[in-house]
>>> print(open('structure_21.txt').read())   # compact mmCIF, C-alpha atoms (C1' of nucleotides)
# COMPACT_ATOMS: atom_id res chain seq x y z
CA MET A 100 23.38 1.06 -11.52
CA ALA A 101 20.23 3.13 -11.37
CA ASP A 102 20.23 3.22 -15.18
CA THR A 103 20.39 -0.56 -15.44
CA LEU A 104 17.48 -0.97 -13.06
CA ASP A 105 15.53 1.76 -14.84
CA LEU A 106 15.66 -0.33 -18.02
CA PHE A 107 13.37 -2.72 -16.19
CA GLY A 108 11.08 0.01 -14.96
CA GLN A 109 12.54 -0.05 -11.48
CA SER A 110 14.80 2.21 -9.52
CA GLY A 111 16.30 1.99 -6.10
CA PRO A 112 14.28 2.56 -2.94
CA GLU A 113 13.42 6.22 -2.46
CA ALA A 114 12.82 7.67 1.02
CA LEU A 115 9.51 9.53 1.46
CA SER A 116 10.13 10.30 5.12
CA ASP A 117 11.76 8.62 8.10
CA GLY A 118 10.64 4.97 7.88
CA ALA A 119 8.74 5.35 4.59
CA VAL A 120 10.13 4.06 1.32
CA LEU A 121 8.84 4.10 -2.26
CA MET A 122 10.01 1.34 -4.61
CA ARG A 123 9.00 2.17 -8.16
CA GLY A 124 7.96 -0.77 -10.29
CA PHE A 125 8.88 -3.29 -7.61
CA ALA A 126 5.82 -5.47 -8.30
CA VAL A 127 5.58 -5.15 -12.11
CA SER A 128 7.01 -8.60 -12.81
CA GLU A 129 4.30 -10.08 -10.55
CA THR A 130 1.42 -8.33 -12.32
CA ASP A 131 -0.27 -11.37 -13.84
CA ALA A 132 -0.07 -13.44 -10.66
CA LEU A 133 -1.31 -10.55 -8.53
CA ILE A 134 -4.29 -9.84 -10.77
CA THR A 135 -5.16 -13.54 -10.92
CA GLY A 136 -4.86 -13.68 -7.13
CA ILE A 137 -7.12 -10.67 -6.66
CA GLU A 138 -9.74 -12.16 -8.97
CA SER A 139 -9.60 -15.42 -7.04
CA VAL A 140 -10.08 -13.63 -3.73
CA ALA A 141 -12.96 -11.63 -5.19
CA THR A 142 -14.84 -14.76 -6.28
CA GLN A 143 -14.78 -16.00 -2.66
CA ALA A 144 -15.14 -12.63 -0.90
CA PRO A 145 -16.66 -10.11 -3.31
CA PHE A 146 -15.64 -6.46 -3.37
CA ARG A 147 -18.09 -4.32 -1.44
CA ARG A 148 -18.31 -0.73 -0.34
CA LEU A 149 -18.08 -0.55 3.41
CA MET A 150 -19.96 1.96 5.53
CA THR A 151 -18.02 4.38 7.66
CA PRO A 152 -19.03 4.65 11.33
CA GLY A 153 -20.85 7.82 10.26
CA GLY A 154 -23.06 5.70 7.99
CA LYS A 155 -21.75 6.76 4.58
CA PRO A 156 -20.48 4.32 1.98
CA MET A 157 -16.83 4.57 1.04
CA SER A 158 -16.14 5.23 -2.65
CA ALA A 159 -13.51 2.50 -2.91
CA ALA A 160 -14.70 -1.10 -2.76
CA MET A 161 -12.83 -3.56 -0.53
CA THR A 162 -12.19 -7.17 0.19
CA ASN A 163 -9.51 -9.02 2.17
CA CYS A 164 -7.40 -12.12 2.25
CA GLY A 165 -5.44 -13.54 5.15
CA ALA A 166 -6.28 -14.59 8.70
CA ALA A 167 -7.73 -11.18 9.48
CA GLY A 168 -9.67 -8.74 7.34
CA TRP A 169 -10.31 -5.05 7.91
CA VAL A 170 -13.96 -4.07 8.13
CA SER A 171 -15.86 -0.88 8.84
CA ASP A 172 -19.48 -0.36 9.75
CA ARG A 173 -21.57 1.83 12.04
CA ARG A 174 -19.89 0.26 15.07
CA GLY A 175 -16.41 1.29 14.02
CA TYR A 176 -13.30 -0.17 12.41
CA ARG A 177 -11.83 -3.53 13.33
CA TYR A 178 -10.30 -6.73 12.02
CA GLU A 179 -12.46 -9.83 11.68
CA ALA A 180 -11.47 -13.45 11.00
CA CYS A 181 -14.60 -13.98 8.90
CA ASP A 182 -16.19 -12.00 6.11
CA PRO A 183 -19.36 -10.52 7.64
CA GLN A 184 -21.03 -10.75 4.23
CA THR A 185 -20.55 -14.51 3.80
CA GLY A 186 -19.84 -15.69 7.35
CA ARG A 187 -16.84 -17.60 6.01
CA PRO A 188 -13.18 -17.00 6.81
CA TRP A 189 -11.45 -14.57 4.46
CA PRO A 190 -9.64 -16.34 1.61
CA GLU A 191 -6.09 -17.46 2.33
CA MET A 192 -3.22 -15.09 1.70
CA SER A 193 -1.22 -16.88 -0.99
CA ASP A 194 2.51 -17.46 -0.56
CA GLY A 195 3.07 -15.27 -3.62
CA PHE A 196 1.28 -12.33 -2.00
CA ARG A 197 3.05 -12.85 1.33
CA ASP A 198 6.51 -13.31 -0.18
CA LEU A 199 6.21 -10.12 -2.21
CA ALA A 200 5.21 -8.12 0.87
CA VAL A 201 7.87 -9.61 3.11
CA GLU A 202 10.59 -8.97 0.53
CA ALA A 203 9.47 -5.36 -0.02
CA ALA A 204 9.48 -4.78 3.75
CA ARG A 205 12.93 -6.33 4.05
CA LEU A 206 14.36 -4.09 1.32
CA ALA A 207 12.82 -1.11 3.11
CA GLY A 208 14.63 -2.06 6.32
CA PHE A 209 11.94 -4.06 8.16
CA GLU A 210 13.37 -7.52 8.67
CA ASP A 211 10.65 -9.34 10.57
CA PHE A 212 7.42 -8.46 8.81
CA THR A 213 4.83 -11.20 9.40
CA PRO A 214 1.65 -10.04 7.66
CA ASP A 215 -1.62 -11.72 8.57
CA ALA A 216 -3.93 -9.39 6.65
CA CYS A 217 -4.13 -8.11 3.10
CA LEU A 218 -6.77 -5.47 2.48
CA ILE A 219 -7.56 -5.11 -1.23
CA ASN A 220 -9.04 -1.79 -2.33
CA LEU A 221 -10.66 -1.31 -5.73
CA TYR A 222 -10.80 2.26 -7.02
CA GLU A 223 -12.75 3.24 -10.09
CA PRO A 224 -12.53 6.74 -11.61
CA GLY A 225 -13.80 9.28 -9.06
CA ALA A 226 -13.12 7.03 -6.07
CA ARG A 227 -10.89 8.41 -3.33
CA MET A 228 -9.68 7.83 0.17
CA SER A 229 -9.60 10.78 2.47
CA LEU A 230 -6.74 11.37 4.89
CA HIS A 231 -6.60 8.79 7.65
CA GLN A 232 -4.23 6.81 9.84
CA ASP A 233 -3.84 3.03 9.90
CA ARG A 234 -4.16 2.49 13.62
CA ASP A 235 -6.40 -0.55 14.02
CA GLU A 236 -3.49 -2.98 14.20
CA THR A 237 -2.14 -4.47 17.42
CA ASP A 238 1.58 -4.31 16.69
CA LEU A 239 2.48 -0.87 15.41
CA SER A 240 6.16 -1.85 15.23
CA GLN A 241 5.34 -3.73 12.02
CA PRO A 242 5.11 -1.70 8.81
CA ILE A 243 2.40 -1.41 6.17
CA VAL A 244 3.25 -2.55 2.65
CA SER A 245 1.14 -0.99 -0.11
CA VAL A 246 1.14 -2.28 -3.71
CA SER A 247 -0.41 -0.26 -6.56
CA LEU A 248 -1.81 -1.93 -9.69
CA GLY A 249 -3.65 -0.53 -12.69
CA LEU A 250 -4.53 3.15 -13.08
CA GLU A 251 -2.19 5.66 -11.50
CA ALA A 252 -3.24 7.63 -8.45
CA VAL A 253 -2.11 10.67 -6.50
CA PHE A 254 -1.00 9.47 -3.08
CA LEU A 255 -1.34 12.08 -0.35
CA TRP A 256 1.45 11.67 2.17
CA GLY A 257 0.85 13.75 5.25
CA GLY A 258 2.26 14.11 8.73
CA MET A 259 1.34 13.08 12.24
CA ALA A 260 -1.55 15.55 12.44
CA ARG A 261 -4.47 15.59 10.04
CA THR A 262 -3.87 19.25 9.29
CA ASP A 263 -0.20 18.83 8.41
CA PRO A 264 0.68 19.61 4.79
CA THR A 265 0.61 16.70 2.35
CA GLN A 266 3.10 15.67 -0.28
CA LYS A 267 1.52 14.46 -3.53
CA ILE A 268 3.18 11.38 -5.01
CA ILE A 269 2.05 9.70 -8.22
CA LEU A 270 1.74 5.97 -7.67
CA ARG A 271 1.81 3.90 -10.84
CA HIS A 272 1.28 0.29 -11.74
CA GLY A 273 3.76 -1.89 -9.85
CA ASP A 274 4.90 0.74 -7.34
CA VAL A 275 5.26 -0.35 -3.72
CA VAL A 276 5.25 1.90 -0.67
CA VAL A 277 6.43 0.64 2.72
CA PHE A 278 5.81 2.76 5.79
CA GLY A 279 6.69 1.96 9.36
CA GLY A 280 8.77 3.18 12.26
CA ALA A 281 8.42 6.91 12.75
CA SER A 282 6.06 7.05 9.73
CA ARG A 283 3.76 4.21 10.79
CA LEU A 284 1.01 6.56 11.97
CA ARG A 285 1.32 9.25 9.31
CA PHE A 286 -1.90 10.45 7.75
CA HIS A 287 -2.31 9.41 4.14
CA GLY A 288 -4.95 9.19 1.45
CA ILE A 289 -5.72 8.99 -2.26
CA ALA A 290 -7.00 11.87 -4.42
CA PRO A 291 -10.03 11.16 -6.62
CA LEU A 292 -8.96 8.76 -9.34
CA LYS A 293 -8.72 10.30 -12.79
CA PRO A 294 -10.51 8.54 -15.66
CA GLY A 295 -8.33 6.26 -17.76
CA ARG A 296 -7.75 2.72 -18.82
CA CYS A 297 -4.91 0.34 -18.15
CA PRO A 298 -4.13 -2.52 -20.58
CA GLY A 299 -5.27 -5.84 -19.14
CA ILE A 300 -6.76 -4.24 -16.03
CA GLY A 301 -9.23 -1.71 -17.39
CA ALA A 302 -10.51 1.47 -15.75
CA ARG A 303 -9.49 0.42 -12.25
CA ARG A 304 -6.80 0.70 -9.67
CA TYR A 305 -6.17 -2.03 -7.14
CA ASN A 306 -4.29 -1.35 -3.95
CA LEU A 307 -3.05 -4.20 -1.80
CA THR A 308 -2.11 -3.27 1.77
CA PHE A 309 -0.38 -5.88 3.83
CA ARG A 310 -0.48 -5.58 7.59
CA ARG A 311 0.20 -7.42 10.80
CA ALA A 312 -3.25 -6.91 12.22
CA ILE A 313 -3.45 -9.12 15.30
C1' DC B 280 -13.84 9.59 26.52
C1' DA B 281 -11.42 9.27 21.42
C1' DG B 282 -12.07 8.52 16.83
C1' DT B 283 -14.38 10.33 12.62
C1' DC B 284 -10.66 5.53 5.94
C1' DC B 285 -17.42 10.30 4.62
C1' DC B 286 -18.83 14.32 1.32
C1' DC B 287 -17.91 10.10 -6.21
C1' DC C 73 -23.17 7.90 16.32
C1' DT C 74 -20.22 3.56 18.85
C1' DG C 75 -17.29 0.75 21.98
C1' DA C 76 -13.22 0.54 25.27
>>> encode(input="structure_21.txt", output="structure tokens")
Amino acid sequence: MADTLDLFGQSGPEALSDGAVLMRGFAVSETDALITGIESVATQAPFRRLMTPGGKPMSAAMTNCGAAGWVSDRRGYRYEACDPQTGRPWPEMSDGFRDLAVEAARLAGFEDFTPDACLINLYEPGARMSLHQDRDETDLSQPIVSVSLGLEAVFLWGGMARTDPTQKIILRHGDVVVFGGASRLRFHGIAPLKPGRCPGIGARRYNLTFRRAI
DNA sequence: CAGTCCCC
DNA sequence: CTGA
């Protein structure tokens, strides 16, 4: 069974912790549509490096699609219906994006995922994301679905306290991580991206994170 | 008060 | 520092 799936670059869901599941290669067959979708979003809402509340630019660039988009500036973190840079609503979340996220959540044991936000992070070599929690969403009973595309990255999977030890997990093109339940508020991050190049995508990693924000 | 997704 |  596992061998058959492995022929297609996939394997069964793998538990990272209580409520957190890694599905290797789950999104590989959707690569072309996902990349096209990201490029379409980026033409309407360009990637930009947000400021942290402390006033420093993040190293990963971000954009969003869906009814709500995550933003950060000197006033804090929040979700906004419109892109502050253009004043227009964030681009629609396509059915293809939504269906992929809902199906991944379902396979991970979360039946009623209704995402309204997709944050798209663009990492270039050297970019990172320090340990943080996703806690700006209203309904913490809904999971986060994270899709990795392009260059591989070292995912830091921590605990409920910032100082808890972290597990290092290599996330490759097409891998999907779902975390919810007891793991919904775990600290997590991304180690500085190593240089490299991915066919068709280049020296970049995209990360799509689907959330129920409002 | 709590939060602090930054330091390439 | 900001915003609940």
>>> atom_distance(input="structure_21.txt", atom1="CA of Leu221 in chain A", atom2="CA of Val170 in chain A")
14.5 Å
>>> residues_near_point(input="structure_21.txt", point="(-2.4, 6.9, -9.0)", cutoff="6 Å", atoms="all atoms listed in the file", output="list of chain:residue names")
A:Leu250, A:Glu251, A:Ala252, A:Val253, A:Ile269, A:Leu270, A:Arg271
>>> write_last_selection(input="structure_21.txt", atoms="C-alpha atoms", output="PDB file, keeping the file's coordinate frame")
ATOM      1  CA  LEU A 250      -4.530   3.150 -13.080  1.00  0.00           C
ATOM      2  CA  GLU A 251      -2.190   5.660 -11.500  1.00  0.00           C
ATOM      3  CA  ALA A 252      -3.240   7.630  -8.450  1.00  0.00           C
ATOM      4  CA  VAL A 253      -2.110  10.670  -6.500  1.00  0.00           C
ATOM      5  CA  ILE A 269       2.050   9.700  -8.220  1.00  0.00           C
ATOM      6  CA  LEU A 270       1.740   5.970  -7.670  1.00  0.00           C
ATOM      7  CA  ARG A 271       1.810   3.900 -10.840  1.00  0.00           C
TER       8      ARG A 271
END
>>> interface_residues(input="structure_21.txt", of="chain A", to="chain B", cutoff="6 Å", atoms="all atoms listed in the file", output="JSON, numbers by chain")
{"A": [155, 225, 226, 231]}
>>> residues_near_point(input="structure_21.txt", point="(-17.8, 3.7, 17.8)", cutoff="12 Å", atoms="only C-alpha atoms (C1' of nucleotides)", output="PyMOL selection string")
(chain A and resi 151-154+171-177) or (chain B and resi 280-283) or (chain C and resi 73-76)
>>> write_last_selection(input="structure_21.txt", atoms="C-alpha atoms (C1' of nucleotides)", output="PDB file, keeping the file's coordinate frame")
ATOM      1  CA  THR A 151     -18.020   4.380   7.660  1.00  0.00           C
ATOM      2  CA  PRO A 152     -19.030   4.650  11.330  1.00  0.00           C
ATOM      3  CA  GLY A 153     -20.850   7.820  10.260  1.00  0.00           C
ATOM      4  CA  GLY A 154     -23.060   5.700   7.990  1.00  0.00           C
ATOM      5  CA  SER A 171     -15.860  -0.880   8.840  1.00  0.00           C
ATOM      6  CA  ASP A 172     -19.480  -0.360   9.750  1.00  0.00           C
ATOM      7  CA  ARG A 173     -21.570   1.830  12.040  1.00  0.00           C
ATOM      8  CA  ARG A 174     -19.890   0.260  15.070  1.00  0.00           C
ATOM      9  CA  GLY A 175     -16.410   1.290  14.020  1.00  0.00           C
ATOM     10  CA  TYR A 176     -13.300  -0.170  12.410  1.00  0.00           C
ATOM     11  CA  ARG A 177     -11.830  -3.530  13.330  1.00  0.00           C
TER      12      ARG A 177
ATOM     13  C1'  DC B 280     -13.840   9.590  26.520  1.00  0.00           C
ATOM     14  C1'  DA B 281     -11.420   9.270  21.420  1.00  0.00           C
ATOM     15  C1'  DG B 282     -12.070   8.520  16.830  1.00  0.00           C
ATOM     16  C1'  DT B 283     -14.380  10.330  12.620  1.00  0.00           C
TER      17       DT B 283
ATOM     18  C1'  DC C  73     -23.170   7.900  16.320  1.00  0.00           C
ATOM     19  C1'  DT C  74     -20.220   3.560  18.850  1.00  0.00           C
ATOM     20  C1'  DG C  75     -17.290   0.750  21.980  1.00  0.00           C
ATOM     21  C1'  DA C  76     -13.220   0.540  25.270  1.00  0.00           C
TER      22       DA C  76
END
>>> residues_around(input="structure_21.txt", residues="Ala144 in chain A", least_positions_apart="3", cutoff="12 Å", atoms="all atoms listed in the file", output="PDB file with C-alpha atoms, in the frame of the given file")
ATOM      1  CA  ILE A 137      -7.120 -10.670  -6.660  1.00  0.00           C
ATOM      2  CA  GLU A 138      -9.740 -12.160  -8.970  1.00  0.00           C
ATOM      3  CA  SER A 139      -9.600 -15.420  -7.040  1.00  0.00           C
ATOM      4  CA  VAL A 140     -10.080 -13.630  -3.730  1.00  0.00           C
ATOM      5  CA  ALA A 141     -12.960 -11.630  -5.190  1.00  0.00           C
ATOM      6  CA  ARG A 147     -18.090  -4.320  -1.440  1.00  0.00           C
ATOM      7  CA  ALA A 160     -14.700  -1.100  -2.760  1.00  0.00           C
ATOM      8  CA  MET A 161     -12.830  -3.560  -0.530  1.00  0.00           C
ATOM      9  CA  THR A 162     -12.190  -7.170   0.190  1.00  0.00           C
ATOM     10  CA  ASN A 163      -9.510  -9.020   2.170  1.00  0.00           C
ATOM     11  CA  CYS A 164      -7.400 -12.120   2.250  1.00  0.00           C
ATOM     12  CA  GLY A 165      -5.440 -13.540   5.150  1.00  0.00           C
ATOM     13  CA  GLY A 168      -9.670  -8.740   7.340  1.00  0.00           C
ATOM     14  CA  CYS A 181     -14.600 -13.980   8.900  1.00  0.00           C
ATOM     15  CA  ASP A 182     -16.190 -12.000   6.110  1.00  0.00           C
ATOM     16  CA  PRO A 183     -19.360 -10.520   7.640  1.00  0.00           C
ATOM     17  CA  GLN A 184     -21.030 -10.750   4.230  1.00  0.00           C
ATOM     18  CA  THR A 185     -20.550 -14.510   3.800  1.00  0.00           C
ATOM     19  CA  GLY A 186     -19.840 -15.690   7.350  1.00  0.00           C
ATOM     20  CA  ARG A 187     -16.840 -17.600   6.010  1.00  0.00           C
ATOM     21  CA  PRO A 188     -13.180 -17.000   6.810  1.00  0.00           C
ATOM     22  CA  TRP A 189     -11.450 -14.570   4.460  1.00  0.00           C
ATOM     23  CA  PRO A 190      -9.640 -16.340   1.610  1.00  0.00           C
ATOM     24  CA  GLU A 191      -6.090 -17.460   2.330  1.00  0.00           C
ATOM     25  CA  LEU A 218      -6.770  -5.470   2.480  1.00  0.00           C
ATOM     26  CA  ILE A 219      -7.560  -5.110  -1.230  1.00  0.00           C
TER      27      ILE A 219
END
>>> atom_distance(input="structure_21.txt", atom1="CA of Arg197 in chain A", atom2="CA of Ala302 in chain A")
26.1 Å
>>> residues_around(input="structure_21.txt", residues="Thr308 in chain A", least_positions_apart="2", cutoff="12 Å", atoms="all atoms listed in the file", output="PyMOL selection string")
chain A and resi 161-165+168-169+192+196-197+199-201+203-204+214-221+233+242-248+275-278+305-306+310-312
